[in-house]
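The next block is input.txt, given as compact mmCIF, C-alpha atoms.
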```
# COMPACT_ATOMS: atom_id res chain seq x y z
CA MET A 17 -8.56 -11.48 -23.87
CA SER A 18 -8.38 -10.88 -20.12
CA ASP A 19 -9.70 -7.64 -18.81
CA TYR A 20 -8.32 -5.97 -15.75
CA SER A 21 -9.46 -3.29 -13.43
CA ILE A 22 -6.59 -0.86 -12.98
CA TRP A 23 -6.08 1.27 -9.90
CA ILE A 24 -3.30 3.49 -8.63
CA VAL A 25 -2.78 3.78 -4.90
CA GLU A 26 -0.66 6.45 -3.29
CA TYR A 27 1.27 5.19 -0.27
CA ALA A 28 3.57 8.15 0.56
CA ARG A 29 4.78 11.42 -0.91
CA VAL A 30 7.62 13.89 -1.00
CA LYS A 31 6.37 17.39 -0.46
CA GLU A 32 9.42 19.15 -1.88
CA TYR A 33 11.01 17.19 -4.69
CA PRO A 34 13.46 19.06 -6.91
CA VAL A 35 12.04 19.74 -10.37
CA SER A 36 15.46 18.97 -11.87
CA ALA A 37 15.22 15.37 -10.65
CA ALA A 38 11.97 14.82 -12.50
CA LEU A 39 12.81 16.80 -15.63
CA TYR A 40 16.34 16.80 -16.96
CA GLY A 41 18.07 20.17 -16.94
CA ARG A 42 15.42 22.10 -14.97
CA HIS A 43 17.90 23.34 -12.41
CA ASN A 44 17.01 26.06 -9.92
CA GLN A 45 13.35 25.77 -10.78
CA GLY A 46 12.08 24.90 -7.36
CA SER A 47 10.29 21.81 -6.19
CA LEU A 48 7.14 19.85 -6.79
CA ILE A 49 5.00 17.43 -4.78
CA LEU A 50 5.94 13.90 -5.74
CA PRO A 51 3.46 11.15 -4.93
CA TYR A 52 4.76 7.62 -4.32
CA CYS A 53 2.40 5.08 -5.85
CA TYR A 54 2.03 1.58 -7.12
CA GLY A 55 -0.42 0.04 -9.55
CA VAL A 56 -3.02 -2.64 -8.85
CA LEU A 57 -4.39 -4.93 -11.54
CA GLN A 58 -7.30 -7.28 -10.95
CA SER A 59 -8.97 -9.73 -13.31
CA ASP A 60 -11.25 -12.69 -12.64
CA ASP A 61 -8.15 -14.84 -12.20
CA HIS A 62 -5.35 -12.62 -10.94
CA LEU A 63 -4.52 -9.89 -8.50
CA ALA A 64 -1.25 -8.11 -9.23
CA VAL A 65 0.67 -5.07 -8.13
CA VAL A 66 3.14 -3.15 -10.25
CA ASP A 67 5.88 -2.10 -7.84
CA THR A 68 5.56 -2.37 -4.09
CA GLY A 69 6.79 0.78 -2.42
CA PHE A 70 9.25 0.47 0.43
CA ASP A 71 9.16 -0.92 3.93
CA TYR A 72 8.91 1.92 6.43
CA ALA A 73 10.27 -0.21 9.23
CA GLU A 74 13.61 -0.25 7.42
CA PHE A 75 13.78 3.12 5.74
CA GLY A 76 10.98 5.26 7.07
CA LYS A 77 12.75 7.44 9.57
CA VAL A 78 15.89 7.93 7.56
CA LEU A 79 13.93 8.84 4.43
CA ALA A 80 11.67 11.17 6.34
CA ASP A 81 14.64 12.89 7.91
CA SER A 82 16.81 13.04 4.81
CA TYR A 83 14.37 13.66 1.98
CA GLY A 84 11.02 14.60 3.50
CA VAL A 85 9.23 11.41 2.50
CA SER A 86 6.00 11.61 4.46
CA ASP A 87 2.55 10.13 4.97
CA TRP A 88 3.68 6.54 4.39
CA GLN A 89 1.07 3.84 4.80
CA PRO A 90 1.57 0.10 4.40
CA PRO A 91 -0.27 -2.09 1.89
CA GLU A 92 -2.54 -3.41 4.62
CA VAL A 93 -3.88 0.14 4.90
CA VAL A 94 -3.85 1.48 1.34
CA LEU A 95 -5.07 -1.80 -0.15
CA SER A 96 -7.35 -2.98 2.62
CA ARG A 97 -9.43 0.16 2.44
CA ILE A 98 -10.25 -0.70 -1.16
CA GLY A 99 -11.08 -4.24 -0.17
CA ILE A 100 -7.81 -5.92 -1.14
CA ASP A 101 -5.79 -8.15 1.14
CA PRO A 102 -2.03 -7.87 0.36
CA ALA A 103 -1.71 -11.57 1.13
CA ALA A 104 -4.11 -12.27 -1.76
CA VAL A 105 -1.83 -10.57 -4.30
CA ASP A 106 -0.52 -13.36 -6.52
CA THR A 107 1.81 -11.35 -8.76
CA VAL A 108 4.33 -8.57 -8.22
CA ILE A 109 5.87 -6.88 -11.24
CA LEU A 110 8.89 -4.74 -10.43
CA THR A 111 9.55 -1.98 -12.93
CA HIS A 112 13.09 -1.75 -11.52
CA ASN A 113 15.01 -2.71 -8.44
CA HIS A 114 15.40 0.58 -6.61
CA PHE A 115 14.41 0.30 -2.98
CA ASP A 116 11.59 2.85 -3.21
CA HIS A 117 9.84 0.74 -5.86
CA ALA A 118 10.87 -2.80 -4.98
CA GLY A 119 11.56 -2.50 -1.25
CA GLY A 120 8.11 -3.64 -0.22
CA VAL A 121 8.31 -7.11 -1.76
CA ASP A 122 8.20 -8.71 1.68
CA LEU A 123 4.85 -7.03 2.22
CA PHE A 124 3.37 -9.28 -0.48
CA PRO A 125 4.46 -12.65 0.87
CA ASN A 126 2.45 -14.92 -1.41
CA ALA A 127 3.16 -13.26 -4.74
CA HIS A 128 5.29 -14.48 -7.60
CA VAL A 129 7.73 -11.73 -8.53
CA TYR A 130 8.82 -10.68 -12.02
CA LEU A 131 11.91 -8.60 -12.72
CA GLN A 132 14.17 -8.08 -15.71
CA SER A 133 17.16 -10.42 -15.57
CA ARG A 134 19.41 -7.64 -16.78
CA GLU A 135 18.77 -5.68 -13.61
CA VAL A 136 20.32 -8.46 -11.54
CA GLN A 137 23.05 -9.34 -14.02
CA ASN A 138 24.24 -5.75 -13.87
CA TYR A 139 25.07 -6.17 -10.17
CA MET A 140 27.50 -8.90 -11.06
CA TYR A 141 29.17 -6.49 -13.48
CA LEU A 142 29.28 -3.70 -10.90
CA ARG A 143 30.80 -6.12 -8.42
CA GLY A 144 33.98 -6.10 -10.45
CA LEU A 145 34.38 -2.32 -10.31
CA PRO A 146 36.52 -0.44 -7.77
CA GLU A 147 34.86 0.62 -4.54
CA ARG A 148 35.12 4.28 -5.51
CA MET A 149 32.37 3.66 -8.06
CA GLN A 150 29.80 2.47 -5.55
CA TRP A 151 27.53 5.42 -6.36
CA LEU A 152 26.26 3.19 -9.17
CA THR A 153 24.37 1.15 -6.59
CA THR A 154 23.19 4.12 -4.57
CA ALA A 155 19.49 3.24 -4.66
CA VAL A 156 19.94 -0.52 -4.58
CA ASP A 157 19.30 -2.42 -1.36
CA PRO A 158 21.38 -5.58 -0.76
CA ASP A 159 18.78 -6.78 1.71
CA LEU A 160 16.19 -6.63 -1.03
CA MET A 161 18.48 -8.61 -3.32
CA LEU A 162 18.76 -11.29 -0.64
CA SER A 163 14.99 -11.21 -0.30
CA LEU A 164 14.69 -11.87 -4.03
CA ALA A 165 17.18 -14.71 -3.66
CA GLU A 166 14.83 -16.19 -1.10
CA ARG A 167 11.95 -15.89 -3.57
CA MET A 168 14.03 -17.59 -6.23
CA ARG A 169 14.84 -20.40 -3.83
CA ASP A 170 11.12 -20.86 -3.20
CA GLY A 171 10.32 -20.82 -6.92
CA LYS A 172 8.53 -17.47 -6.60
CA LEU A 173 10.75 -15.27 -8.75
CA THR A 174 11.04 -15.16 -12.53
CA LEU A 175 13.78 -13.17 -14.20
CA ILE A 176 12.58 -11.94 -17.56
CA ASP A 177 14.80 -11.61 -20.61
CA GLY A 178 13.28 -8.77 -22.62
CA GLU A 179 9.61 -8.84 -23.54
CA ALA A 180 7.27 -11.23 -21.76
CA GLU A 181 3.56 -11.76 -21.14
CA VAL A 182 3.62 -12.40 -17.39
CA LEU A 183 -0.15 -12.68 -16.96
CA PRO A 184 -2.77 -13.08 -19.68
CA GLY A 185 -2.81 -9.69 -21.41
CA VAL A 186 -0.17 -8.14 -19.13
CA TRP A 187 3.17 -7.53 -20.83
CA CYS A 188 6.50 -6.48 -19.47
CA ARG A 189 8.50 -4.46 -21.99
CA PRO A 190 12.22 -3.86 -21.51
CA ALA A 191 13.54 -0.35 -21.04
CA HIS A 192 17.15 -1.35 -20.63
CA ASP A 193 19.94 1.11 -19.84
CA THR A 194 17.52 3.90 -19.03
CA HIS A 195 16.78 4.86 -15.42
CA THR A 196 18.41 1.55 -14.50
CA ALA A 197 20.12 -1.22 -16.43
CA GLY A 198 17.10 -3.51 -16.33
CA SER A 199 14.13 -1.19 -16.13
CA GLN A 200 10.85 -2.19 -17.72
CA PHE A 201 7.36 -0.85 -18.21
CA VAL A 202 4.05 -2.69 -18.19
CA THR A 203 1.36 -2.66 -20.86
CA LEU A 204 -2.22 -3.85 -21.15
CA ASP A 205 -4.35 -3.85 -24.29
CA GLN A 206 -7.94 -4.42 -23.27
CA HIS A 207 -11.65 -3.56 -23.53
CA ASP A 208 -11.14 0.16 -23.00
CA GLY A 209 -7.95 0.53 -24.97
CA ARG A 210 -4.26 0.52 -24.16
CA TRP A 211 -2.67 1.28 -20.81
CA LEU A 212 0.97 1.68 -19.95
CA LEU A 213 2.37 1.68 -16.42
CA ALA A 214 5.62 3.55 -16.73
CA GLY A 215 7.69 2.90 -13.61
CA ASP A 216 10.41 5.53 -13.53
CA ASN A 217 10.74 5.78 -17.29
CA CYS A 218 8.89 9.04 -16.84
CA TYR A 219 8.07 10.94 -13.66
CA THR A 220 5.39 13.32 -14.89
CA TYR A 221 3.40 14.06 -18.01
CA ASP A 222 5.71 16.98 -18.64
CA ASN A 223 8.41 14.49 -19.61
CA PHE A 224 6.32 13.90 -22.73
CA LEU A 225 4.71 17.28 -23.17
CA GLY A 226 7.96 19.21 -22.92
CA SER A 227 8.78 22.77 -22.09
CA GLU A 228 5.85 25.10 -22.69
CA GLU A 229 4.01 21.96 -23.83
CA ASP A 230 5.92 22.08 -27.10
CA GLY A 231 5.77 18.32 -27.44
CA LYS A 232 9.52 17.82 -27.26
CA PHE A 233 10.43 15.12 -24.80
CA VAL A 234 12.36 16.02 -21.66
CA PRO A 235 13.83 12.88 -20.07
CA ILE A 236 13.93 12.18 -16.36
CA GLY A 237 16.72 13.69 -14.30
CA LEU A 238 18.52 10.49 -13.37
CA ALA A 239 19.68 7.77 -15.73
CA PHE A 240 22.08 5.07 -14.60
CA GLY A 241 21.95 4.03 -18.23
CA SER A 242 21.95 6.73 -20.90
CA MET A 243 19.78 9.71 -21.66
CA GLN A 244 19.60 8.55 -25.27
CA GLU A 245 18.01 5.28 -24.20
CA CYS A 246 15.63 7.22 -21.95
CA VAL A 247 14.39 9.29 -24.88
CA LEU A 248 14.20 6.31 -27.23
CA THR A 249 12.18 4.41 -24.63
CA MET A 250 9.86 7.38 -24.20
CA GLU A 251 9.30 7.30 -27.96
CA GLU A 252 8.50 3.59 -27.78
CA MET A 253 6.04 4.24 -24.94
CA TYR A 254 4.48 7.22 -26.70
CA THR A 255 4.03 5.26 -29.90
CA TRP A 256 2.59 2.24 -28.08
CA VAL A 257 -0.25 4.33 -26.61
CA GLY A 258 -1.01 5.92 -29.96
CA GLU A 259 0.49 9.24 -28.84
CA ASP A 260 -2.20 9.62 -26.17
CA VAL A 261 -0.20 10.41 -23.03
CA THR A 262 -3.28 10.05 -20.83
CA ARG A 263 -2.84 6.32 -21.39
CA ILE A 264 0.59 6.45 -19.75
CA VAL A 265 0.63 6.13 -16.00
CA PRO A 266 3.66 7.67 -14.27
CA PHE A 267 3.79 6.57 -10.64
CA HIS A 268 5.12 9.95 -9.48
CA ALA A 269 2.80 12.36 -11.28
CA LEU A 270 0.64 14.64 -9.18
CA GLU A 271 -1.49 15.31 -12.26
CA MET A 272 -2.84 11.76 -12.08
CA TRP A 273 -5.37 12.91 -9.50
CA ASP A 274 -6.79 15.37 -12.03
CA LYS A 275 -6.69 13.07 -15.03
CA PHE A 276 -8.41 10.06 -13.45
CA PRO A 277 -11.42 9.61 -11.17
CA THR A 278 -9.91 9.89 -7.73
CA HIS A 279 -10.76 9.51 -4.06
CA VAL A 280 -8.85 11.27 -1.30
CA PHE A 281 -8.74 9.50 2.04
CA ASP A 282 -8.74 11.21 5.41
CA ASP A 283 -4.95 10.81 5.62
CA THR A 284 -4.76 12.78 2.30
CA LEU A 285 -3.46 9.83 0.29
CA HIS A 286 -5.11 9.29 -3.09
CA PHE A 287 -6.68 6.40 -4.93
CA ALA A 288 -7.36 6.59 -8.67
CA GLU A 289 -9.53 4.30 -10.72
CA LEU A 290 -8.27 4.07 -14.30
CA SER A 291 -10.25 1.16 -15.62
CA VAL A 292 -13.03 -1.12 -14.40
CA ALA A 293 -13.22 -4.56 -15.95
CA PRO A 294 -16.63 -5.46 -17.43
CA GLY A 295 -18.86 -7.05 -14.83
CA THR A 296 -16.77 -5.69 -11.97
CA ALA A 297 -17.93 -3.20 -9.37
CA SER A 298 -16.27 0.19 -9.24
CA LYS A 299 -14.23 0.60 -6.08
CA LEU A 300 -14.41 4.33 -6.45
CA GLU A 301 -18.22 4.30 -6.40
CA ALA A 302 -18.15 2.04 -3.38
CA LEU A 303 -15.86 4.49 -1.60
CA HIS A 304 -18.09 7.41 -2.45
CA VAL A 305 -21.19 5.55 -1.29
CA ALA A 306 -19.42 4.68 1.95
CA ALA A 307 -18.42 8.30 2.41
CA MET B 2 33.59 -5.04 -5.09
CA SER B 3 37.20 -5.76 -5.96
CA PRO B 4 40.03 -5.14 -5.63
CA VAL B 5 39.87 -4.87 -1.85
CA ALA B 6 41.17 -1.50 -0.69
CA PRO B 7 43.51 -1.22 2.34
CA LEU B 8 41.82 -0.22 5.59
CA GLU B 9 42.02 3.33 6.93
CA ARG B 10 43.08 4.08 10.51
CA SER B 11 40.22 5.58 12.51
CA ASP B 12 37.36 3.38 13.69
CA ALA B 13 34.83 5.49 11.79
CA ALA B 14 36.82 5.22 8.58
CA VAL B 15 37.23 1.48 9.11
CA LEU B 16 33.50 1.15 9.72
CA GLY B 17 32.69 3.10 6.57
CA THR B 18 35.02 0.98 4.49
CA LEU B 19 33.81 -2.33 5.89
CA TYR B 20 30.15 -1.36 5.62
CA ALA B 21 30.55 -0.34 1.98
CA ARG B 22 32.30 -3.60 1.27
CA ASN B 23 29.68 -5.59 3.14
CA LYS B 24 26.99 -3.87 1.14
CA ALA B 25 28.68 -4.61 -2.16
CA LEU B 26 29.30 -8.23 -1.21
CA ALA B 27 25.75 -8.75 0.06
CA LEU B 28 24.42 -7.31 -3.18
CA SER B 29 26.58 -9.59 -5.30
CA VAL B 30 25.78 -12.65 -3.17
CA GLY B 31 22.07 -11.89 -3.55
CA ALA B 32 22.52 -11.48 -7.29
CA TRP B 33 24.51 -14.70 -7.50
CA LEU B 34 21.91 -16.69 -5.55
CA THR B 35 19.21 -15.25 -7.78
CA LEU B 36 21.05 -15.93 -11.03
CA GLY B 37 22.52 -19.24 -9.88
CA ARG B 38 26.02 -18.34 -11.03
CA ARG B 39 28.67 -17.99 -8.36
CA PRO B 40 31.83 -16.12 -9.32
CA ALA B 41 34.81 -18.38 -8.63
CA GLU B 42 36.52 -15.85 -6.37
CA ALA B 43 33.48 -15.09 -4.20
CA PRO B 44 34.18 -17.48 -1.27
CA ALA B 45 37.79 -16.33 -0.97
CA GLU B 46 36.76 -12.68 -1.16
CA LEU B 47 34.21 -13.21 1.60
CA ARG B 48 36.72 -15.03 3.81
CA ARG B 49 39.14 -12.13 3.36
CA HIS B 50 36.42 -9.63 4.22
CA LEU B 51 35.41 -11.64 7.29
CA ALA B 52 39.02 -11.78 8.47
CA GLU B 53 39.33 -8.00 8.17
CA CYS B 54 36.04 -7.48 10.01
CA GLU B 55 37.17 -9.80 12.80
CA GLU B 56 40.43 -7.89 13.10
CA ALA B 57 38.59 -4.54 13.16
CA ALA B 58 36.17 -5.81 15.82
CA ARG B 59 39.07 -6.97 17.98
CA GLU B 60 41.02 -3.75 17.61
CA GLY B 61 37.97 -1.59 18.19
CA ALA B 62 36.60 -3.59 21.11
CA ASP B 63 37.19 -0.81 23.61
CA GLY B 64 36.24 2.04 21.32
CA GLU B 65 33.05 4.03 20.82
CA LEU B 66 32.18 2.02 17.74
CA ALA B 67 32.70 -1.40 19.27
CA GLU B 68 29.07 -2.39 18.74
CA HIS B 69 29.17 -1.19 15.15
CA LEU B 70 32.35 -3.09 14.32
CA THR B 71 30.98 -6.21 15.99
CA ALA B 72 27.88 -5.87 13.82
CA CYS B 73 30.19 -5.64 10.79
CA ARG B 74 31.85 -8.86 11.83
CA ASP B 75 28.50 -10.59 12.39
CA ALA B 76 27.17 -9.46 9.02
CA ALA B 77 30.30 -10.70 7.29
CA ALA B 78 30.14 -14.00 9.14
CA ASP B 79 26.51 -14.59 8.19
CA LEU B 80 27.23 -13.71 4.58
CA ALA B 81 30.24 -16.04 4.47
CA ALA B 82 28.20 -18.82 6.09
CA LEU B 83 25.45 -18.34 3.52
CA VAL B 84 27.91 -18.71 0.68
CA ALA B 85 29.73 -21.63 2.30
CA ALA B 86 26.44 -23.49 2.70
CA SER B 87 25.44 -22.92 -0.90
CA GLY B 88 26.49 -24.84 -3.94
CA PRO B 89 27.96 -23.17 -7.02
CA ASP B 90 24.45 -22.71 -8.40
CA GLY B 91 23.01 -21.43 -5.13
CA THR B 92 20.43 -24.20 -4.91
CA ALA B 93 21.50 -25.42 -1.48
CA SER B 94 21.10 -22.08 0.28
CA SER B 95 18.69 -22.47 3.19
CA ARG B 96 15.95 -20.10 4.18
CA GLU B 97 17.54 -19.78 7.63
CA ARG B 98 20.94 -18.78 6.23
CA ILE B 99 19.39 -16.15 3.98
CA ALA B 100 17.27 -14.83 6.84
CA ALA B 101 20.34 -14.59 9.09
CA ALA B 102 22.34 -12.72 6.45
CA ARG B 103 19.46 -10.31 5.91
CA ALA B 104 18.94 -9.68 9.60
CA SER B 105 22.59 -8.99 10.37
CA HIS B 106 22.96 -6.72 7.36
CA ARG B 107 19.90 -4.72 8.40
CA ARG B 108 21.21 -4.42 11.95
CA LEU B 109 24.56 -3.26 10.65
CA ARG B 110 23.13 -0.52 8.48
CA ARG B 111 20.87 0.77 11.25
CA LEU B 112 23.95 1.18 13.42
CA VAL B 113 25.98 2.68 10.58
CA TRP B 114 23.27 5.29 9.96
CA ASP B 115 23.83 6.54 13.49
CA VAL B 116 27.36 7.44 12.44
CA PHE B 117 27.02 8.38 8.78
CA ASP B 118 24.17 9.82 6.73
CA CYS B 119 22.08 7.18 5.01
CA GLU B 120 23.55 6.64 1.56
CA TYR B 121 20.28 5.43 0.08
CA THR B 122 18.73 7.86 -2.36
CA PRO B 123 15.14 7.75 -3.58
CA CYS B 124 15.30 7.83 -7.36
CA GLY B 125 16.96 11.04 -8.41
CA HIS B 126 16.58 12.82 -5.11
CA GLU B 127 20.15 13.75 -4.21
CA ARG B 128 20.60 15.87 -1.11
CA SER B 129 22.32 18.56 -3.16
CA ASN B 130 19.34 19.14 -5.42
```
Translate the structure of the given file into structure tokens.
Amino acid sequence: MSDYSIWIVEYARVKEYPVSAALYGRHNQGSLILPYCYGVLQSDDHLAVVDTGFDYAEFGKVLADSYGVSDWQPPEVVLSRIGIDPAAVDTVILTHNHFDHAGGVDLFPNAHVYLQSREVQNYMYLRGLPERMQWLTTAVDPDLMLSLAERMRDGKLTLIDGEAEVLPGVWCRPAHDTHTAGSQFVTLDQHDGRWLLAGDNCYTYDNFLGSEEDGKFVPIGLAFGSMQECVLTMEEMYTWVGEDVTRIVPFHALEMWDKFPTHVFDDTLHFAELSVAPGTASKLEALHVAA
Amino acid sequence: MSPVAPLERSDAAVLGTLYARNKALALSVGAWLTLGRRPAEAPAELRRHLAECEEAAREGADGELAEHLTACRDAAADLAALVAASGPDGTASSRERIAAARASHRRLRRLVWDVFDCEYTPCGHERSN
């Protein structure tokens, strides 16, 4: 069994994100701070990221102006300060193909990329629909799709059909027809138990804990698939971690910084250490020593 | 996306229509190259789109959006060239052709976002929320 260190790095945030977008039906309930993060997995043999963020050069200003996305930092900042060179990342796992999760693929030039085939196949289906239905591709970037075509040409993209072990001990699990047609989440079962990196199949822990923490799932606010599939996928995730939601890692949950050992950098972005592989030095301790 | 809708009159409306179509076509070309399955009608659809972009660029050459419509034409031309240079399974597509299509599409959208609001939406974050 391979063991991985697991870290979460925050690379940007939205300071006023509508609650109703994170939790279905919570209209007129104000806003919350939404961190933008990706996951980092490191074993003796592999260095992987789960999602990539977006490329500020392309979207930064427009996102800042339109939605208040702020504090963006590139991988060479958020990874380099924990001793990781983005060029050394050998694997990128995309939980889905929305530009704010997959739009930074170019920033990891040497990685092999994994994505659910269904995500791409769905674009061929959408292609046949009238132009008035283009909302269905509202968060999809054609430039990114061409970038993935380039990766495929170079033999550095694998389209997954369903469940697949993409690295030793790292599994992609399909979450089809949920947030997107070909969403997936990532699981690891290792020395310190099970971990699940959720992508946008949940936004916060409240998706699982429910209103008043009554334990009744509240799905995310946006499903290009169906809300039923969202809830069924949440059940699959919840069951997989043995009903221990602290083993689920939502990439947009502010509560992560309370649940896991965390360092806050001078630019206010966070870094959380979820798991340290046996025989591996803690990056968090190194940061605290340096501080 | 198909079927192709008739063009509107004003330059801004034409730009909006052509940009949306360029976006949809670029997305489907990227998907096709990735999946290795070209839809039979794709080359003809791209030629039609390019012809309409060329016409719009000519007609709008003296207008305020001349640069934008020219960028539309260039993006369509690079996309059509990418498809023309690729076999039915996408294996023959060159790095240079893909890079050109990406660059002209990115230039186009930067110009379009000077005219229209950016249509990209971070997951779930609609402006009306």
Check your understanding: Which distance in Å separates CA of Tyr254 (chain A) and CA of Asp205 (chain A), to one decimal?
Key ->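 These atoms are spaced 14.4 Å apart.
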Check your understanding: Do you know which residues are at most 12 Å from region 54-60 of chain B counting all atoms listed in the file, after dropping those on the same chain fewer than 4 positions away, and could you put them as a ChimeraX atom specification?
Key -> /B:8-20,22-23,47-50,64-78,81
Using all atoms listed in the file, I'd like a table of the residues in chain A that come within 6 Å of chain B; for each, show the closest atom pair and its distance in Å rounded to one decimal, ordered by chain and ascending number, as a tab-separated table.
```
residue	atom	partner	partner_atom	distance
A:Ala37	CA	B:Gly125	CA	5.2
A:Val136	CA	B:Ala32	CA	5.7
A:Met140	CA	B:Ser29	CA	5.9
A:Arg143	CA	B:Met2	CA	4.5
A:Gly144	CA	B:Met2	CA	5.5
A:Leu145	CA	B:Met2	CA	5.9
A:Pro146	CA	B:Ser3	CA	5.7
A:Glu147	CA	B:Met2	CA	5.8
A:Thr154	CA	B:Tyr121	CA	5.6
A:Ala155	CA	B:Thr122	CA	5.2
A:Pro158	CA	B:Leu28	CA	4.3
A:Asp159	CA	B:Arg103	CA	5.5
A:Met161	CA	B:Gly31	CA	4.9
A:Leu162	CA	B:Gly31	CA	4.4
A:Ala165	CA	B:Thr35	CA	4.6
A:Met168	CA	B:Thr35	CA	5.9
A:Leu238	CA	B:Gly125	CA	5.2
```
Practice item. Could you give me, as a VMD selection string, the residues within 8 Å of Trp88 (chain A), counting only C-alpha atoms and dropping anything in the same chain fewer than 4 positions from it? Key: chain A and resid 27 to 29 72 76
Identify the residues around (17.1, 6.8, -18.3) within a radius of 6 Å, measuring from all atoms listed in the file in the coordinates stated by the file, and give them as a PDB file with C-alpha atoms, in the frame of the given file.
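Generated file (point-v2.pdb):
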```
ATOM      1  CA  THR A 194      17.520   3.900 -19.030  1.00  0.00           C
ATOM      2  CA  HIS A 195      16.780   4.860 -15.420  1.00  0.00           C
ATOM      3  CA  ALA A 239      19.680   7.770 -15.730  1.00  0.00           C
ATOM      4  CA  GLY A 241      21.950   4.030 -18.230  1.00  0.00           C
ATOM      5  CA  SER A 242      21.950   6.730 -20.900  1.00  0.00           C
ATOM      6  CA  MET A 243      19.780   9.710 -21.660  1.00  0.00           C
ATOM      7  CA  CYS A 246      15.630   7.220 -21.950  1.00  0.00           C
TER       8      CYS A 246
END
```
Check your understanding: CA of Leu285 (chain A) and CA of Leu57 (chain A) are how many Å apart?
Key ->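 Interatomic distance here is 18.9 Å.
Counting from CA of Glu245 (chain A), the distance to CA of Gly178 (chain A) is 14.9 Å.
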